[in-house]
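Student: Please find one structure pasted underneath; my questions will follow.
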Amino acid sequence: MHIDRIEAKSILDTRGRPTIETTLFSGTLEATASVPSGKSTGKHEALELRDADDSVAQAIKNVNGEIATAITERDFNSLDELDNFLISLDGTPNKSRLGANAILSVSIAAMRLSALQENMPLWQAIAKRAGTTPSTPRLFVNVMNGGAHAGFPSNKFGTGKLPFQEYLLVVEGKTSETFPIAQELFAKLGELLWKPGVHNNCGRLASTTSMGDEGGYAPTFDTLEKPFELLAELVKEFPNTSIAIDAAASELFHDGVYQLLGKSYSPDELAAIYRELVERFSLHSIEDPFAENAGTDFAKLTATLNSPSTPLGATTLVVGDDLTVTNPARIIEAAKNKEINAVLIKPNQIGTVKEALEAVRETYNAGWEVVASHRSGETSDTFIADFAYGIGAHGLKAGGFAQPERLVKYERLLAIEHEAETR
Ligand code: 2PG
Ligand code: MG
């Protein structure tokens, strides 16, 4: 592959924050990629380069300057060669010199360019590169946003925004069937949340705080169970649907305890809460149930929720996000200690497509499931949908339906499925 020219610029994400978009030009072809941005970021993630004024001007300068000069001078025999070159050009363990956002924008655009050159749909090019069998992921739709993704604080009585960051509905099946079901569920939940009495905040959602960062509702409730009771009412009407959460527990962890709705819990007490929620509401998965360095607590919970000798029976996925940060070495470590049984894969946590695919490989080597994921600050780039389909992911987390940047991912999945069926 030869890249003739590179152009990076600033665009705004769903939170109105600047992020990077890069276009690569090669002969008559061009390919563009933009990079999302997290809020509840793990400490071990690759570094997103931001300037003091919150812009990404330096990252853009790095692409248009140093990276452009270095890669337009060479030919690359493969995408792995290009990604390895970018990794060594940066030269730091966490891509802090050139910025993981700068590097990933080039890496994804190059993947797209290569698919165009091979006249192949992106998902198929990803599958070919990864050696995976493409398949439709379950939709992990984030219907209620809490924690760091809901913008208002809990009040002094301990009631307030949802303690967990994400309350998701998991819908399994072909996207042409799951997408309309998920849309109906989302609309019904909206009606329920506006119904007087259901909601804790005077029976209605305040217009300024009604939606969270990821395009889901952001209601308030006075107990931990109420949001689950509401979701359980909904899913019982539809087959192949279940409830999942992302606790994002690094955000709840303060001074050795977890704080939820004004109360403090030890890791064991929190584990008991998860067990109860799994038993009562048959949770499909729990992401980041504990803080990012609490691997031992993860391992205990994974064993408890998946032991055939417990009354829980069904398998519940314990998903690592901040724990594993799409980092192959951290996934290998987690596998050694049986800490989890599924991994969230977000390419911008690691900074190249090559390493994200390595993370997928290590996850599959461990016998675990992959859930591909967007970030809370998104763009209209749909790469993650092709990625999820191409690697045959168990699920795709792409947010709620109240933001176009989330909807385009689901719509892309729909288009991929049609493309795959008609090829
Ligand atoms: C998460 C993500 C995406 P953020 O924690 O899983 O849903 O949130 O991008 O803020 O890290
Ligand atoms: Mg998470």
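Every chain in the structure tokens has a letter given in the order shown (A, B, ...), and although residue numbers restart at 1 in each chain, ligands are simply numbered from 1 in the order shown.
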Let me have all residues with an atom within 6 Å of ligand 1, counting only C-alpha atoms and all ligand atoms, laid out as number ranges by chain.
Tutor: A: 38-41, 248, 374-376
Student: Within 12 Å of ligand 2 (counting only C-alpha atoms and all ligand atoms), which residues show up? I'd like them as a short mmCIF file (atom, residue, chain, number, x, y, z; two decimals) with N, CA, C and O atoms, in the first residue's frame.
Tutor:
```cif
data_model
loop_
_atom_site.label_atom_id
_atom_site.label_comp_id
_atom_site.auth_asym_id
_atom_site.auth_seq_id
_atom_site.Cartn_x
_atom_site.Cartn_y
_atom_site.Cartn_z
N GLY A 38 -13.68 8.58 25.26
CA GLY A 38 -14.36 8.07 26.46
C GLY A 38 -14.43 9.10 27.56
O GLY A 38 -13.73 10.12 27.54
N LYS A 39 -15.32 8.85 28.54
CA LYS A 39 -15.37 9.69 29.74
C LYS A 39 -14.91 8.89 30.95
O LYS A 39 -14.06 9.33 31.70
N SER A 40 -15.47 7.68 31.12
CA SER A 40 -15.04 6.84 32.24
C SER A 40 -13.85 6.01 31.76
O SER A 40 -13.92 4.79 31.63
N THR A 41 -12.76 6.69 31.48
CA THR A 41 -11.61 6.00 30.88
C THR A 41 -10.82 5.22 31.92
O THR A 41 -10.69 5.65 33.06
N GLY A 42 -10.29 4.06 31.50
CA GLY A 42 -9.46 3.26 32.39
C GLY A 42 -8.05 3.86 32.49
O GLY A 42 -7.56 4.44 31.52
N ASN A 142 -27.97 0.65 25.18
CA ASN A 142 -27.89 1.34 26.47
C ASN A 142 -29.13 2.22 26.65
O ASN A 142 -29.19 3.34 26.16
N ASN A 145 -28.97 5.67 31.18
CA ASN A 145 -27.59 6.12 31.47
C ASN A 145 -27.50 6.66 32.90
O ASN A 145 -28.34 7.44 33.32
N GLY A 146 -26.49 6.22 33.62
CA GLY A 146 -26.28 6.74 34.98
C GLY A 146 -24.81 7.07 35.17
O GLY A 146 -24.07 7.27 34.20
N GLY A 147 -24.38 7.05 36.43
CA GLY A 147 -22.98 7.27 36.77
C GLY A 147 -22.39 8.47 36.06
O GLY A 147 -23.01 9.53 35.98
N ALA A 148 -21.19 8.28 35.53
CA ALA A 148 -20.48 9.40 34.87
C ALA A 148 -21.17 9.85 33.60
O ALA A 148 -20.86 10.92 33.07
N HIS A 149 -22.12 9.05 33.10
CA HIS A 149 -22.79 9.41 31.84
C HIS A 149 -24.13 10.13 32.05
O HIS A 149 -24.86 10.39 31.11
N PHE A 164 -25.36 2.77 38.52
CA PHE A 164 -24.52 2.11 37.51
C PHE A 164 -24.51 2.97 36.25
O PHE A 164 -25.48 3.67 35.95
N GLN A 165 -23.43 2.86 35.51
CA GLN A 165 -23.27 3.75 34.35
C GLN A 165 -24.24 3.41 33.20
O GLN A 165 -24.73 4.27 32.52
N GLU A 166 -24.47 2.09 32.99
CA GLU A 166 -25.28 1.70 31.84
C GLU A 166 -26.24 0.56 32.19
O GLU A 166 -25.84 -0.43 32.79
N TYR A 167 -27.51 0.76 31.83
CA TYR A 167 -28.53 -0.28 31.93
C TYR A 167 -28.89 -0.64 30.50
O TYR A 167 -29.45 0.20 29.77
N LEU A 168 -28.55 -1.85 30.11
CA LEU A 168 -28.68 -2.21 28.69
C LEU A 168 -29.72 -3.29 28.48
O LEU A 168 -29.93 -4.14 29.35
N GLU A 214 -24.95 8.75 26.34
CA GLU A 214 -24.96 7.76 25.26
C GLU A 214 -26.32 7.61 24.60
O GLU A 214 -26.64 6.56 24.02
N ALA A 244 -28.70 -6.20 30.93
CA ALA A 244 -27.27 -6.21 31.25
C ALA A 244 -26.90 -4.87 31.88
O ALA A 244 -27.64 -3.89 31.73
N ILE A 245 -25.77 -4.85 32.59
CA ILE A 245 -25.29 -3.55 33.10
C ILE A 245 -23.80 -3.37 32.86
O ILE A 245 -23.06 -4.34 32.72
N ASP A 246 -23.41 -2.10 32.77
CA ASP A 246 -22.00 -1.74 32.93
C ASP A 246 -21.95 -0.94 34.22
O ASP A 246 -22.42 0.21 34.28
N ALA A 247 -21.41 -1.57 35.28
CA ALA A 247 -21.33 -0.88 36.58
C ALA A 247 -20.28 0.23 36.53
O ALA A 247 -20.37 1.20 37.28
N ALA A 248 -19.29 0.08 35.65
CA ALA A 248 -18.16 1.04 35.58
C ALA A 248 -17.67 1.35 36.98
O ALA A 248 -17.56 2.51 37.39
N ALA A 249 -17.38 0.29 37.74
CA ALA A 249 -17.19 0.42 39.18
C ALA A 249 -15.93 1.17 39.59
O ALA A 249 -15.83 1.58 40.75
N SER A 250 -15.00 1.39 38.66
CA SER A 250 -13.85 2.24 39.03
C SER A 250 -14.35 3.62 39.47
O SER A 250 -13.75 4.27 40.32
N GLU A 251 -15.47 4.04 38.86
CA GLU A 251 -16.03 5.37 39.16
C GLU A 251 -16.74 5.38 40.52
O GLU A 251 -16.99 6.45 41.08
N SER A 285 -25.23 -9.98 31.46
CA SER A 285 -23.81 -9.67 31.70
C SER A 285 -23.66 -8.51 32.66
O SER A 285 -24.55 -7.67 32.80
N ILE A 286 -22.51 -8.51 33.34
CA ILE A 286 -22.13 -7.38 34.20
C ILE A 286 -20.73 -6.96 33.77
O ILE A 286 -19.79 -7.74 33.83
N GLU A 287 -20.64 -5.72 33.31
CA GLU A 287 -19.33 -5.19 32.89
C GLU A 287 -18.71 -4.40 34.04
O GLU A 287 -19.41 -3.70 34.77
N ASP A 288 -17.40 -4.51 34.17
CA ASP A 288 -16.66 -3.80 35.23
C ASP A 288 -17.40 -3.77 36.58
O ASP A 288 -17.70 -2.69 37.11
N PRO A 289 -17.66 -4.95 37.16
CA PRO A 289 -18.35 -4.96 38.45
C PRO A 289 -17.51 -4.39 39.59
O PRO A 289 -18.04 -3.97 40.61
N PHE A 290 -16.20 -4.39 39.39
CA PHE A 290 -15.29 -3.85 40.42
C PHE A 290 -14.29 -2.89 39.77
O PHE A 290 -14.25 -2.77 38.54
N ALA A 291 -13.48 -2.26 40.59
CA ALA A 291 -12.52 -1.27 40.09
C ALA A 291 -11.44 -1.92 39.22
O ALA A 291 -11.22 -3.13 39.29
N GLU A 292 -10.77 -1.09 38.44
CA GLU A 292 -9.88 -1.60 37.39
C GLU A 292 -8.69 -2.42 37.87
O GLU A 292 -8.10 -3.16 37.09
N VAL A 318 -19.17 -11.94 32.81
CA VAL A 318 -18.50 -10.89 33.58
C VAL A 318 -17.50 -10.27 32.61
O VAL A 318 -16.56 -10.93 32.15
N VAL A 319 -17.77 -9.02 32.24
CA VAL A 319 -17.04 -8.39 31.14
C VAL A 319 -15.98 -7.42 31.67
O VAL A 319 -16.28 -6.57 32.51
N GLY A 320 -14.78 -7.55 31.16
CA GLY A 320 -13.71 -6.62 31.53
C GLY A 320 -13.65 -5.46 30.55
O GLY A 320 -13.64 -5.67 29.34
N ASP A 321 -13.61 -4.24 31.11
CA ASP A 321 -13.44 -3.04 30.26
C ASP A 321 -12.25 -2.26 30.79
O ASP A 321 -11.13 -2.42 30.31
N ASP A 322 -12.46 -1.46 31.85
CA ASP A 322 -11.32 -0.75 32.46
C ASP A 322 -10.27 -1.74 32.95
O ASP A 322 -9.08 -1.42 33.03
N LEU A 323 -10.70 -2.95 33.28
CA LEU A 323 -9.78 -3.99 33.76
C LEU A 323 -8.79 -4.39 32.67
O LEU A 323 -7.60 -4.58 32.94
N THR A 324 -9.27 -4.53 31.45
CA THR A 324 -8.45 -5.11 30.38
C THR A 324 -8.03 -4.11 29.30
O THR A 324 -7.05 -4.35 28.58
N VAL A 325 -8.79 -3.02 29.17
CA VAL A 325 -8.51 -1.91 28.25
C VAL A 325 -8.00 -2.31 26.85
O VAL A 325 -7.10 -1.68 26.29
N THR A 326 -8.61 -3.37 26.29
CA THR A 326 -8.25 -3.81 24.92
C THR A 326 -6.74 -4.03 24.76
O THR A 326 -6.18 -3.87 23.68
N VAL A 343 -14.69 -9.93 27.20
CA VAL A 343 -13.87 -8.72 27.15
C VAL A 343 -14.54 -7.68 26.25
O VAL A 343 -15.00 -8.00 25.16
N LEU A 344 -14.58 -6.44 26.75
CA LEU A 344 -15.05 -5.35 25.92
C LEU A 344 -13.88 -4.90 25.05
O LEU A 344 -12.77 -4.72 25.56
N ILE A 345 -14.13 -4.75 23.76
CA ILE A 345 -13.06 -4.32 22.86
C ILE A 345 -13.41 -2.95 22.29
O ILE A 345 -14.42 -2.78 21.61
N LYS A 346 -12.56 -1.97 22.62
CA LYS A 346 -12.71 -0.60 22.10
C LYS A 346 -11.38 -0.23 21.47
O LYS A 346 -10.39 -0.02 22.19
N GLN A 349 -8.91 2.32 22.97
CA GLN A 349 -8.21 2.08 24.24
C GLN A 349 -6.77 1.66 24.00
O GLN A 349 -5.92 1.77 24.88
N VAL A 371 -17.30 -8.43 23.37
CA VAL A 371 -18.33 -7.43 23.12
C VAL A 371 -17.60 -6.20 22.56
O VAL A 371 -16.72 -5.64 23.22
N ALA A 372 -17.91 -5.85 21.30
CA ALA A 372 -17.28 -4.68 20.69
C ALA A 372 -18.02 -3.44 21.16
O ALA A 372 -19.24 -3.49 21.37
N SER A 373 -17.32 -2.34 21.32
CA SER A 373 -17.98 -1.18 21.91
C SER A 373 -17.54 0.16 21.33
O SER A 373 -16.37 0.39 21.05
N HIS A 374 -18.53 1.03 21.22
CA HIS A 374 -18.33 2.46 20.94
C HIS A 374 -17.75 3.15 22.18
O HIS A 374 -17.45 2.47 23.17
N ARG A 375 -17.66 4.49 22.17
CA ARG A 375 -17.30 5.25 23.37
C ARG A 375 -18.43 6.23 23.69
O ARG A 375 -19.31 6.46 22.86
N SER A 376 -18.37 6.80 24.88
CA SER A 376 -19.47 7.69 25.27
C SER A 376 -19.48 8.99 24.46
O SER A 376 -20.52 9.61 24.27
N LYS A 397 -21.99 -2.97 21.61
CA LYS A 397 -22.52 -1.93 22.47
C LYS A 397 -22.44 -0.62 21.69
O LYS A 397 -21.34 -0.17 21.37
N ALA A 398 -23.59 -0.04 21.34
CA ALA A 398 -23.55 1.18 20.52
C ALA A 398 -24.47 2.27 21.03
O ALA A 398 -24.78 3.20 20.31
N GLY A 399 -24.93 2.15 22.30
CA GLY A 399 -25.66 3.25 22.91
C GLY A 399 -27.17 3.19 22.75
O GLY A 399 -27.73 2.18 22.31
#
```
Student: If DSSP is run on the backbone, what residues of range 258-362 of chain A are alpha helix (DSSP H)? A reply as a VMD selection string would be ideal.
Tutor: chain A and resid 267 to 281 295 to 306 328 to 336 353 to 362
Student: Nearest to Glu333 in chain A: which of A:Ala100, A:Asp51, A:Asp222, A:Ala359 is it, counting only C-alpha atoms?
Tutor: A:Ala359
Student: For each of A:Phe186, A:Arg330, A:Phe253, A:Glu339, take the minimum atom-to-atom distance to Gly295 in chain A, counting only C-alpha atoms, then give the residue where this is smallest.
Tutor: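 The answer is A:Glu339, which sits nearest to Gly295 in chain A.
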Student: May I have all residues of range 109-251 of chain A that DSSP, computed from the backbone, assigns to strand (DSSP E), given as a list of chain:residue names?
Tutor: A:Arg138, A:Leu139, A:Phe140, A:Val141, A:Asn142, A:Val143, A:Met144, A:Asn145, A:Gly160, A:Lys161, A:Glu166, A:Tyr167, A:Leu168, A:Leu169, A:Val170, A:Val171, A:Thr220, A:Phe221, A:Thr241, A:Ser242, A:Ile243, A:Ala244, A:Ile245, A:Asp246
Student: Please, could you write that set of residues out with N, CA and C atoms as a PDB file, in the first residue's frame?
Tutor:
```pdb
ATOM      1  N   ARG A 138     -25.192  -9.680  19.017  1.00  0.00           N
ATOM      2  CA  ARG A 138     -26.379  -9.249  19.768  1.00  0.00           C
ATOM      3  C   ARG A 138     -26.292  -7.729  19.918  1.00  0.00           C
ATOM      4  N   LEU A 139     -27.445  -7.070  19.976  1.00  0.00           N
ATOM      5  CA  LEU A 139     -27.442  -5.628  20.229  1.00  0.00           C
ATOM      6  C   LEU A 139     -27.431  -5.409  21.737  1.00  0.00           C
ATOM      7  N   PHE A 140     -26.455  -4.651  22.201  1.00  0.00           N
ATOM      8  CA  PHE A 140     -26.413  -4.230  23.611  1.00  0.00           C
ATOM      9  C   PHE A 140     -26.811  -2.743  23.607  1.00  0.00           C
ATOM     10  N   VAL A 141     -28.105  -2.490  23.815  1.00  0.00           N
ATOM     11  CA  VAL A 141     -28.613  -1.120  23.668  1.00  0.00           C
ATOM     12  C   VAL A 141     -28.665  -0.449  25.052  1.00  0.00           C
ATOM     13  N   ASN A 142     -27.967   0.655  25.178  1.00  0.00           N
ATOM     14  CA  ASN A 142     -27.891   1.341  26.468  1.00  0.00           C
ATOM     15  C   ASN A 142     -29.126   2.215  26.649  1.00  0.00           C
ATOM     16  N   VAL A 143     -30.126   1.694  27.358  1.00  0.00           N
ATOM     17  CA  VAL A 143     -31.410   2.403  27.430  1.00  0.00           C
ATOM     18  C   VAL A 143     -31.496   3.403  28.583  1.00  0.00           C
ATOM     19  N   MET A 144     -30.746   3.118  29.676  1.00  0.00           N
ATOM     20  CA  MET A 144     -30.733   4.097  30.774  1.00  0.00           C
ATOM     21  C   MET A 144     -29.291   4.391  31.168  1.00  0.00           C
ATOM     22  N   ASN A 145     -28.967   5.668  31.184  1.00  0.00           N
ATOM     23  CA  ASN A 145     -27.593   6.116  31.471  1.00  0.00           C
ATOM     24  C   ASN A 145     -27.501   6.658  32.897  1.00  0.00           C
ATOM     25  N   GLY A 160     -31.294   9.661  43.514  1.00  0.00           N
ATOM     26  CA  GLY A 160     -30.744  10.469  42.426  1.00  0.00           C
ATOM     27  C   GLY A 160     -30.492   9.636  41.218  1.00  0.00           C
ATOM     28  N   LYS A 161     -29.470  10.041  40.504  1.00  0.00           N
ATOM     29  CA  LYS A 161     -29.212   9.368  39.235  1.00  0.00           C
ATOM     30  C   LYS A 161     -28.861   7.907  39.467  1.00  0.00           C
ATOM     31  N   GLU A 166     -24.468   2.091  32.990  1.00  0.00           N
ATOM     32  CA  GLU A 166     -25.279   1.695  31.839  1.00  0.00           C
ATOM     33  C   GLU A 166     -26.245   0.561  32.193  1.00  0.00           C
ATOM     34  N   TYR A 167     -27.510   0.759  31.827  1.00  0.00           N
ATOM     35  CA  TYR A 167     -28.533  -0.281  31.930  1.00  0.00           C
ATOM     36  C   TYR A 167     -28.888  -0.641  30.497  1.00  0.00           C
ATOM     37  N   LEU A 168     -28.553  -1.851  30.105  1.00  0.00           N
ATOM     38  CA  LEU A 168     -28.675  -2.211  28.692  1.00  0.00           C
ATOM     39  C   LEU A 168     -29.723  -3.288  28.476  1.00  0.00           C
ATOM     40  N   LEU A 169     -30.337  -3.248  27.297  1.00  0.00           N
ATOM     41  CA  LEU A 169     -31.180  -4.358  26.880  1.00  0.00           C
ATOM     42  C   LEU A 169     -30.420  -5.122  25.810  1.00  0.00           C
ATOM     43  N   VAL A 170     -30.296  -6.416  26.008  1.00  0.00           N
ATOM     44  CA  VAL A 170     -29.574  -7.263  25.058  1.00  0.00           C
ATOM     45  C   VAL A 170     -30.620  -7.971  24.204  1.00  0.00           C
ATOM     46  N   VAL A 171     -30.500  -7.813  22.898  1.00  0.00           N
ATOM     47  CA  VAL A 171     -31.469  -8.440  21.995  1.00  0.00           C
ATOM     48  C   VAL A 171     -30.699  -9.340  21.036  1.00  0.00           C
ATOM     49  N   THR A 220     -34.172   9.289  37.524  1.00  0.00           N
ATOM     50  CA  THR A 220     -33.725   9.087  38.903  1.00  0.00           C
ATOM     51  C   THR A 220     -34.648   8.070  39.571  1.00  0.00           C
ATOM     52  N   PHE A 221     -34.066   7.294  40.476  1.00  0.00           N
ATOM     53  CA  PHE A 221     -34.850   6.300  41.225  1.00  0.00           C
ATOM     54  C   PHE A 221     -34.358   6.289  42.663  1.00  0.00           C
ATOM     55  N   THR A 241     -34.715 -11.421  24.712  1.00  0.00           N
ATOM     56  CA  THR A 241     -34.226 -10.151  25.245  1.00  0.00           C
ATOM     57  C   THR A 241     -33.851 -10.340  26.712  1.00  0.00           C
ATOM     58  N   SER A 242     -32.840  -9.630  27.147  1.00  0.00           N
ATOM     59  CA  SER A 242     -32.429  -9.722  28.552  1.00  0.00           C
ATOM     60  C   SER A 242     -31.800  -8.404  28.993  1.00  0.00           C
ATOM     61  N   ILE A 243     -31.464  -8.354  30.277  1.00  0.00           N
ATOM     62  CA  ILE A 243     -30.938  -7.109  30.867  1.00  0.00           C
ATOM     63  C   ILE A 243     -29.451  -7.269  31.129  1.00  0.00           C
ATOM     64  N   ALA A 244     -28.703  -6.197  30.930  1.00  0.00           N
ATOM     65  CA  ALA A 244     -27.266  -6.210  31.253  1.00  0.00           C
ATOM     66  C   ALA A 244     -26.904  -4.869  31.880  1.00  0.00           C
ATOM     67  N   ILE A 245     -25.766  -4.848  32.588  1.00  0.00           N
ATOM     68  CA  ILE A 245     -25.286  -3.547  33.102  1.00  0.00           C
ATOM     69  C   ILE A 245     -23.797  -3.375  32.860  1.00  0.00           C
ATOM     70  N   ASP A 246     -23.413  -2.101  32.771  1.00  0.00           N
ATOM     71  CA  ASP A 246     -22.005  -1.739  32.931  1.00  0.00           C
ATOM     72  C   ASP A 246     -21.946  -0.938  34.220  1.00  0.00           C
TER      73      ASP A 246
END
```
Student: Counting only C-alpha atoms, what is within 8 Å of range 389-392 of chain A, bar same-chain residues fewer than 4 positions away, as a list in words?
Tutor: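 The neighbour list is Trp123, Gln124, Ala125, Ile126, Ala127, Ala130, Thr132, Thr133, Pro134, Ser135, Thr136, Pro137, Val360, Ala385, Leu413 and Ile416 of chain A.
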Student: For a test of reading the model, state the distance in Å between CA of Ile331 in chain A and CA of Ser264 in chain A, rounded to one decimal.
Tutor: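 A separation of 29.5 Å between them.
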Student: Got a sec: who's within 7 Å of range 67-83 of chain A, counting only C-alpha atoms, leaving out chain neighbours fewer than 6 positions off, as an MDAnalysis selection string?
Tutor: chainID A and resid 1:6 107 111 352 354
Student: Since we have the selection now, will you write its residues out, keeping C-alpha atoms, as a PDB file, in the first residue's frame?
Tutor:
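out.pdb, written as the output of this step:
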```pdb
ATOM      1  CA  MET A   1       0.000   0.000   0.000  1.00  0.00           C
ATOM      2  CA  HIS A   2       1.197   3.466  -0.815  1.00  0.00           C
ATOM      3  CA  ILE A   3      -0.395   6.509   0.789  1.00  0.00           C
ATOM      4  CA  ASP A   4       0.001   9.659  -1.318  1.00  0.00           C
ATOM      5  CA  ARG A   5      -1.450  12.219   1.034  1.00  0.00           C
ATOM      6  CA  ILE A   6      -2.990  12.589   4.512  1.00  0.00           C
ATOM      7  CA  SER A 107      -4.854   2.945  11.336  1.00  0.00           C
ATOM      8  CA  MET A 111      -7.966  -0.484   7.014  1.00  0.00           C
ATOM      9  CA  THR A 352      -4.236   0.546  16.395  1.00  0.00           C
ATOM     10  CA  LYS A 354      -3.695  -4.459  14.697  1.00  0.00           C
TER      11      LYS A 354
END
```
Student: Go through A:Pro239, A:Pro93, A:Gly151, A:Gly216 and flag the residue nearest Glu177 in chain A, using only C-alpha atoms for the distances.
Tutor: A:Pro239
Student: Could you pull the residues within 10 Å of Val278 in chain A, counting only C-alpha atoms, minus those fewer than 2 positions along the same chain, as an MDAnalysis selection string?
Tutor: chainID A and resid 243:244 272:276 280:286 305 312 314:316
Student: For those residues, write C-alpha atoms to a file as a short mmCIF file (atom, residue, chain, number, x, y, z; two decimals), in the first residue's frame.
Tutor:
```cif
data_model
loop_
_atom_site.label_atom_id
_atom_site.label_comp_id
_atom_site.auth_asym_id
_atom_site.auth_seq_id
_atom_site.Cartn_x
_atom_site.Cartn_y
_atom_site.Cartn_z
CA ILE A 243 -30.94 -7.11 30.87
CA ALA A 244 -27.27 -6.21 31.25
CA ALA A 272 -23.74 -10.10 47.08
CA ILE A 273 -25.79 -7.34 45.40
CA TYR A 274 -24.73 -8.56 41.94
CA ARG A 275 -25.66 -12.14 42.85
CA GLU A 276 -29.08 -11.02 43.97
CA ARG A 280 -33.86 -11.89 40.41
CA PHE A 281 -33.44 -10.42 36.95
CA SER A 282 -31.37 -13.05 35.07
CA LEU A 283 -28.74 -10.52 34.04
CA HIS A 284 -27.05 -11.41 30.77
CA SER A 285 -23.81 -9.67 31.70
CA ILE A 286 -22.13 -7.38 34.20
CA LEU A 305 -21.89 -16.59 38.86
CA LEU A 312 -27.93 -19.37 39.64
CA ALA A 314 -27.37 -19.79 33.82
CA THR A 315 -24.09 -18.38 32.63
CA THR A 316 -23.63 -14.71 33.26
#
```
Student: Find the distance between CA of Asp386 in chain A and CA of Asn365 in chain A and write it in Å to one decimal.
Tutor: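 Result for CA of Asp386 in chain A versus CA of Asn365 in chain A: 21.5 Å, one decimal.
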Student: Please list as an MDAnalysis selection string every residue within 10 Å of His418 in chain A, counting only C-alpha atoms and excluding residues in the same chain fewer than 6 positions away.
Tutor: chainID A and resid 175:176 412
Student: Using only N, CA, C and O atoms, please write the residues we just selected to a file, as a tab-separated table (two decimals), in the first residue's frame.
Tutor:
```tsv
chain	number	residue	atom	x	y	z
A	175	THR	N	-30.15	-8.79	12.89
A	175	THR	CA	-30.37	-7.36	13.13
A	175	THR	C	-31.69	-6.87	12.53
A	175	THR	O	-32.35	-6.00	13.11
A	176	SER	N	-32.08	-7.46	11.39
A	176	SER	CA	-33.34	-7.03	10.79
A	176	SER	C	-34.52	-7.32	11.72
A	176	SER	O	-35.56	-6.68	11.63
A	412	ARG	N	-25.79	0.63	10.17
A	412	ARG	CA	-24.69	0.01	9.41
A	412	ARG	C	-24.74	-1.52	9.56
A	412	ARG	O	-24.55	-2.25	8.60
```
Student: What gap, in Å, lies between CA of Leu122 in chain A and CA of Lys409 in chain A?
Tutor: 13.6 Å
